[in-house]
Amino acid sequence: MNLRRLFDWPIQIQVLAGPLLFFAISLLLAWSATYAMLQVHQTHDEINESYQFLNSVNELSKLVVDMQSGMRGYVLAQDPRFLEPYNEASAELPGLLVRLRRYTQENPTQLAQINLLESDIAEWRRIIAEPRIRAVRAGRLPTLTLVELEKGRAIFDAIRAMVEEIEMSEQAILDQRTAQSRRAARTMEIGTSIVMILGILSLFFAWLIGRRIVEPVRLLGNAADQVAQNDYSIHLPEEGHYELARTSRAFNHMVDALNGARGELLYQAHALEAQALAAERARSETDAVLNSVQDAILFVSPDRRILWANQRTNEIFGMHSSAMDGATREDWYAAYAKIFVDPQGIGALLSYSFTHPEEEISQIVAVKWPLPRELQLFSAPVVDQGGTVHGRVFAFRDITKEREVDRMKTEFVSLVSHEFRTPLTSIKGYSDLLTSGEAGELSEDQQEFLQVIQVNADRLMVLINDLLDISRLEAGRVELREVTVDIAPVIQGALISLQLQVQNKQQQLVVNLDAEMPPVRGDAGRIAQILNNLLSNAHKYTPAGGTITISTTREENFVRVNITDTGVGLTVEEQTHLFTRFYRAKNPATQEVGGTGLGLSIVRMLVEMHGGTISVQSEAGQGSTFSFTLPIADDVALPVYTDFDLGNDGNNETAAKAVGGLILIVEDEPDIAELSRRHLTRAGYDVLVATDATEGLEMAKSYLPDLILLDVILPGVNGLTLLNWLKSDDTTAAIPVLLLSILPDDGQGRVLGAVDYLNKPLASDILLERIQSILSAKKSPLILLGDSDVSEREHIRHDLHRAGYRTIVAERNHDILQVVQEQQPDLLMLDLQSSAIDAVTLLQEIRSEEQEYHLPVIFMVGMPDPGIENDLSNLAALNHFGLLTKPFSSEELAAFITNHRPT
C-alpha cells in the first residue's frame with residue numbers, strides 16, 4: 001500500500017485509523033497474554049498438585065513402614081515404646097487417605113488404587129498386627145500359623161507394590177505436565193514477541209499520522225498566538241484539499257476580517273470611552289446633588305438589597321452610606337428595632353411596598369436612634385421606559401421641626417379657642433337674658449344692638465368650633481365611637497334641623513332614600529356633623545326658590561350619600577382647592593355668604609376617618625353635587641333608636657315646660673354660674689351653686705338634688721373626678737349628672753355615668769329642654785313606633801317628642817318584639833300597611849309573652865286596602881287599642897293619644 005495515498009485520506013479516517021489499530025493490537029495482546037497466562041497457571045497448579053500427591057504417597061509409604069517396624073519391635077522386645085510409631089501412624093493414616101482421595105477424585109484409576117490400598121492396610125492390621133499386639137499385651141507369645149504369616153507377608157508386599165505403582169503413575173503425570181508447562185511458556189514468549197512487534201509498528205504508524213495532523217495544528221496554534229498578540233500579518237499555507245487545508249483558508253479569512261474589524265472596534269472603543277467618561281461625570285454630579293439634599297435616600301433592588309444610599313442616611317439613621325451599600329433584606333430588617341419606634345409597623349409597610357410595586361407610599365414614621373425624629377417617608381417604584389421595575393426609591397425627610405411647629409400651632413389654636421369660649425358663654429347668655437326682658441323692657445335700638453351682638457357671637461362660636469375641630473383632627477386626638485348606624489334617621493334629623501331655614505328661604509327639599517339601605521359603621525354624631533355641614537352649605541349657596549336633593553345608593557360595601565343643589569356652582573380650579581383649609585371660592589355670590597373656610601376640610605377628614613371618600617361634581621352657575629361614602633356595617637341588624645338620636649334643633653315652637661325640682665350647679669366661673677342660675681330660676685327650678693368639686697360633693701350629699709349640672713374644667717379636682725365620686729357613693733349614685741364643658745365630648749363622661757354632655761356656650765332653651773327631658777324621663781310615657789316609612793315616621797316621632805313623649809323606633813317584627821320584652825313601652829303605634837311588619841303574627845307573639853304587663857296598641861292605616869278589614873277582624877280578638885287613619889296632623893295625633901292615654 002502506498003503510504004502517501006494513505007495520508008491523503010480524510011482527516012477523520014486518519015484520526016480514527018491510529019486508535020482503531022492500537023485498539024485491535026491491544027485487544028490481541030490482551031487475549032494472547034491472558035490465554036498464555038491461563039495455560040501457565042493451569043499447568044503450574046497441576047504440577048503443584050502432582051508434587052503434593054507424591055509427597056502424600058511418600059508419607060503413606062513411611063506410615064506403613066512405621067506401622068510394620070513398630071509392631072515388630074513391640075512383639076520382639078515387648079517394650080511399649082516400640083508401639084508408639086505404630087499408634088501414631090495408625091492415627092495419621094485416615095486423614096492421609098482422605099487427602100489422597102481428594103487429589104485423585106478426578107482420576108478414577110488412582111482413586112481405585114487408593115481404595116484398594118486402604119483395604120489391604122486394614123486387612124494386614126486385622127490379620128497380622130492387631131492379633132500379635134493383643135497377645136503381647138496379654139503376656140503370652142503371639143502364635144501365628146504359617147499360612148497367616150505368609151498371607152500377612154503377601155498383603156504387606158502388595159501394599160508396598162501398590163504404593164510404588166501409585167508413585168510411578170503420578171511421576172509420569174508430573175513429567176507430562178512439566179513438559180506441557182514448558183510448551184505454554186514458550187508459546188507465551190513467542191506471542192508476546194509478535195504482539196510487541198505489532199505494537200511498535202502501530203506506534204510508528206500512529207506517529208506518522210500524528211505528525212501529518214499535528215504539524216498543521218501546531219502552525220495554526222502559533223498563528224493564533226500571533227493574532228492574540230495583535231499581529232494580523234500571519235498567513236497559513238493552504239495546501240491540500242481536506243479539513244486542515246480548509247481550516248487554514250478559513251483562518252486566513254478570519255484574520256483578514258479581524259484586521260478589518262480591528263479599526264472599527266478601535267473607533268467604537270474610543271467612542272465608548274468618551275461615553276463612559278460622560279456617564280461617570282453625570283453619575284458623580286447626580287451623587288453630589290443627591291448627597292447635598294436634606295432627605296435620606298435609599299435605592300433598593302426588587303430582591304430588597306440596598307443598591308445605593310446618600311450621605312444623609314448617616315445623619316438620620318447613624319449608618320454610613322458605604323456600610324449600607326449591598327446590605328441584604330436581613331441586614332436592614334435587623335436594624336428596625338434599633339432605629340424605629342414601631343419596627344413591626346415599618347417592616348410591614350416596606351413589605352407592602354414590595355408586594356405592591358406599582359403603588360406610591362407616603363407616611364410619617366418615628367425614629368428613636370440615633371436621635372428622636374419624625375420622618376416623612378415617601379416611596380415610589382423605579383420603572384424604565386419599557387415598564388420594567390428595577391426597584392424602589394425610599395426618601396426620608398426630617399420633619400421634626402415642622403411637626404413641632406404644627407403641634408405648637410395646634411395647641412395655641414386649641415388654647416385660644418378654649419379661652420374664647422368662656423367669655424363668649426357669658427356674652428351670649430347675658431345677651432339672651434337682655435333680649436328676653438330679664439333687665440327690663442328694651443328699646444328698638446337696644447334690641448337691634450343685642451341682635452348684632454348675638455349674630456356675631458354665633459359667628460365667632462362657629463369659627464372657634466371649627467378651629468377646635470380642625471386642630472384636634474390634625475393632632476389625631478379625635479376618636480370615633482363606631483356603632484351600627486341606620487343612615488336614614490340621621491339624615492332625617494339633619495333635615496329637620498334645617499327645615500326652618502329652608503322654609504324661610506322658600507327652598508324645596510327633595511328626599512330620595514332607599515328603604516332597603518343597609519346600616520353603616522360609624523360615629524353617629526360625626527356623621528350628623530358631616531350631613532349638617534354639607535346641607536348647610538347647600539342651603540347657603542342655593543338662591544331663594546332653589547332645590548336641595550339628598551339621596552342614598554349602595555355601591556358594593558359602601559353607602560353613598562349625594563347632596564345636590566341648584567346653587568352658584570364651582571369652577572374646575574375652585575374644585576381643586578375646595579377641601580383646603582380656609583379656602584373660600586372667589587365667586588361674588590359665595591363671598592357674600594359668611595364662613596370660615598374650614599367646614600369642608602373638617603368634613604373630608606371625618607369622612608376619611610370613617611374609611612370613606614368624598615368628592616364634588618359642579619359647574620359654575622349650574623349647582624353642585626357633594627357625595628361621600630360610608631362603609632356598610634358588618635352587623636346588619638337594625639339598631640333601636642331612642643328619642644335623643646336625632647338631636648334637638650332648638651327651634652321648637654312649644655317651649656320646654658319645667659317639671660320642677662332642685663338643681664345643683666358646679667361651676668367655677670361666677671358669671672356663667674350666675675347666668676345658669678338665672679335661666680333655671682326663671683324656668684321654675686330651685687338652684688344651688690358650688691364653685692369646686694369638694695363643695696359640690698358636700699352639697700350633693702346634703703341636699704340630694706334632682707339634677708347636677710357639672711362643669712368638666714374645675715380648679716384642683718376636675719369634673720370627671722367629681723362625677724366618679726358621685727357615682728361611687730350610694731347616697732348620690734342615683735342623681736343624674738349633665739356635663740357642661742367648653743371641651744369636646746370624648747365619651748369618658750358617659751362611661752363614668754353622665755346622662756348627657758353639652759358643649760358651652762349653648763342656647764338657654766336647649767339647656768332647659770334637655771333638663772326637662774332628663775327630669776321628666778320617668779314621668780313621660782314611652783311610645784314604641786313600628787313603621788318602615790322613614791320620612792313619615794320621623795314626622796310622627798318629632799310630633800310625639802314635642803308633645804313630651806319618649807319614643808323608640810323599630811322596623812321589623814323581631815326588633816319590635818325585642819323592645820317590648822326589654823323596655824316594656826307604655827304604648828305601641830303600629831303601621832298596618834308596613835311591608836316589613838306582619839301585625840297579626842306580631843300581636844299574637846306580644847300577647848303570648850304578656851303576663852301582668854298589658855301593652856295597648858294603636859294601629860295606623862293610610863290608603864284603603866281590602867285586606868285591612870280582614871286584618872282588623874283578626875286583630876280585634878287580640879285586644880288592640882285603637883285605629884288612627886293617615887294622614888293626620890300633630891294636633892290630631894296629640895288629641896287621639898290624650899283621649900286614649902294608656903294607664
# chains A, B, ... in the order shown; residues from 1 in each chain; ligands from 1
call {"tool": "select_by_dssp", "arguments": {"residues": "range 530-760 of chain A", "states": "strand (DSSP E)", "output": "MDAnalysis selection string"}}
result
chainID A and resid 547:555 558:565 614:618 624:631 641:642 662:666 686:690 707:711 737:741 756:759
call {"tool": "closest_residue", "arguments": {"among": "A:Val485, A:Leu714, A:Ala135, A:Ile200", "to": "Met71 in chain A", "atoms": "only C-alpha atoms"}}
result
A:Ala135
call {"tool": "closest_residue", "arguments": {"among": "A:Asn456, A:Thr549, A:Asn537, A:Ser676", "to": "Ile663 in chain A", "atoms": "only C-alpha atoms"}}
result
A:Ser676
call {"tool": "residues_around", "arguments": {"residues": "Asp287 in chain A", "least_positions_apart": "5", "cutoff": "10 Å", "atoms": "only C-alpha atoms", "output": "VMD selection string"}}
result
chain A and resid 281 to 282 292 308 to 311
call {"tool": "residues_around", "arguments": {"residues": "range 618-622 of chain A", "least_positions_apart": "6", "cutoff": "9 Å", "atoms": "only C-alpha atoms", "output": "list in words"}}
result
Asp565, Thr566, Gly567, Val568, Gly569, Leu570, Thr571, Val572 and Gln575 of chain A
call {"tool": "write_last_selection", "arguments": {"atoms": "all heavy atoms", "output": "mmCIF file, in the first residue's frame"}}
result
data_model
loop_
_atom_site.group_PDB
_atom_site.id
_atom_site.type_symbol
_atom_site.label_atom_id
_atom_site.label_comp_id
_atom_site.auth_asym_id
_atom_site.auth_seq_id
_atom_site.Cartn_x
_atom_site.Cartn_y
_atom_site.Cartn_z
ATOM 1 N N ASP A 565 -77.516 70.498 44.875
ATOM 2 C CA ASP A 565 -78.204 71.782 44.975
ATOM 3 C C ASP A 565 -78.221 72.457 43.604
ATOM 4 O O ASP A 565 -77.505 72.052 42.683
ATOM 5 C CB ASP A 565 -77.518 72.690 46.013
ATOM 6 C CG ASP A 565 -76.090 73.019 45.650
ATOM 7 O OD1 ASP A 565 -75.865 73.655 44.601
ATOM 8 O OD2 ASP A 565 -75.175 72.653 46.421
ATOM 9 N N THR A 566 -79.045 73.459 43.487
ATOM 10 C CA THR A 566 -79.132 74.242 42.258
ATOM 11 C C THR A 566 -78.542 75.625 42.492
ATOM 12 O O THR A 566 -79.070 76.638 42.029
ATOM 13 C CB THR A 566 -80.604 74.355 41.800
ATOM 14 O OG1 THR A 566 -81.363 74.956 42.861
ATOM 15 C CG2 THR A 566 -81.179 72.996 41.480
ATOM 16 N N GLY A 567 -77.417 75.643 43.234
ATOM 17 C CA GLY A 567 -76.820 76.906 43.653
ATOM 18 C C GLY A 567 -75.848 77.480 42.653
ATOM 19 O O GLY A 567 -75.913 77.218 41.445
ATOM 20 N N VAL A 568 -74.868 78.247 43.183
ATOM 21 C CA VAL A 568 -73.968 79.031 42.337
ATOM 22 C C VAL A 568 -72.959 78.168 41.611
ATOM 23 O O VAL A 568 -72.416 78.574 40.579
ATOM 24 C CB VAL A 568 -73.235 80.090 43.192
ATOM 25 C CG1 VAL A 568 -74.226 81.077 43.753
ATOM 26 C CG2 VAL A 568 -72.431 79.433 44.312
ATOM 27 N N GLY A 569 -72.659 76.982 42.109
ATOM 28 C CA GLY A 569 -71.710 76.099 41.450
ATOM 29 C C GLY A 569 -70.269 76.525 41.651
ATOM 30 O O GLY A 569 -69.968 77.558 42.270
ATOM 31 N N LEU A 570 -69.350 75.709 41.105
ATOM 32 C CA LEU A 570 -67.919 75.932 41.300
ATOM 33 C C LEU A 570 -67.190 75.723 39.979
ATOM 34 O O LEU A 570 -67.557 74.854 39.177
ATOM 35 C CB LEU A 570 -67.344 74.957 42.339
ATOM 36 C CG LEU A 570 -67.929 75.041 43.751
ATOM 37 C CD1 LEU A 570 -67.589 73.781 44.527
ATOM 38 C CD2 LEU A 570 -67.380 76.267 44.478
ATOM 39 N N THR A 571 -66.126 76.501 39.779
ATOM 40 C CA THR A 571 -65.274 76.283 38.609
ATOM 41 C C THR A 571 -64.359 75.089 38.867
ATOM 42 O O THR A 571 -64.228 74.599 40.000
ATOM 43 C CB THR A 571 -64.430 77.528 38.328
ATOM 44 O OG1 THR A 571 -63.524 77.740 39.426
ATOM 45 C CG2 THR A 571 -65.314 78.749 38.133
ATOM 46 N N VAL A 572 -63.678 74.637 37.809
ATOM 47 C CA VAL A 572 -62.764 73.497 37.938
ATOM 48 C C VAL A 572 -61.620 73.846 38.882
ATOM 49 O O VAL A 572 -61.213 73.032 39.731
ATOM 50 C CB VAL A 572 -62.224 73.083 36.554
ATOM 51 C CG1 VAL A 572 -61.176 71.978 36.691
ATOM 52 C CG2 VAL A 572 -63.366 72.641 35.644
ATOM 53 N N GLN A 575 -62.751 73.763 42.464
ATOM 54 C CA GLN A 575 -62.950 72.403 42.960
ATOM 55 C C GLN A 575 -61.646 71.774 43.432
ATOM 56 O O GLN A 575 -61.647 70.976 44.374
ATOM 57 C CB GLN A 575 -63.583 71.536 41.864
ATOM 58 C CG GLN A 575 -65.000 71.945 41.490
ATOM 59 C CD GLN A 575 -65.559 71.097 40.364
ATOM 60 O OE1 GLN A 575 -65.426 69.896 40.366
ATOM 61 N NE2 GLN A 575 -66.168 71.773 39.386
#
call {"tool": "closest_residue", "arguments": {"among": "A:Gln376, A:Gln503, A:Thr104, A:Ser615", "to": "Arg403 in chain A", "atoms": "only C-alpha atoms"}}
result
A:Gln376
call {"tool": "closest_residue", "arguments": {"among": "A:Gly661, A:Val559, A:Ile672, A:Val712", "to": "Val687 in chain A", "atoms": "only C-alpha atoms"}}
result
A:Gly661
call {"tool": "atom_distance", "arguments": {"atom1": "CA of Asn724 in chain A", "atom2": "CA of Leu704 in chain A"}}
result
16.2 Å
call {"tool": "atom_distance", "arguments": {"atom1": "CA of Arg554 in chain A", "atom2": "CA of Arg793 in chain A"}}
result
22.5 Å
call {"tool": "closest_residue", "arguments": {"among": "A:Gly73, A:Leu174, A:Phe82, A:Thr34", "to": "Gln52 in chain A", "atoms": "only C-alpha atoms"}}
result
A:Leu174
call {"tool": "closest_residue", "arguments": {"among": "A:Arg397, A:His610, A:Arg132, A:Lys428", "to": "Arg481 in chain A", "atoms": "only C-alpha atoms"}}
result
A:His610
call {"tool": "atom_distance", "arguments": {"atom1": "CA of Asp175 in chain A", "atom2": "CA of Glu118 in chain A"}}
result
26.4 Å
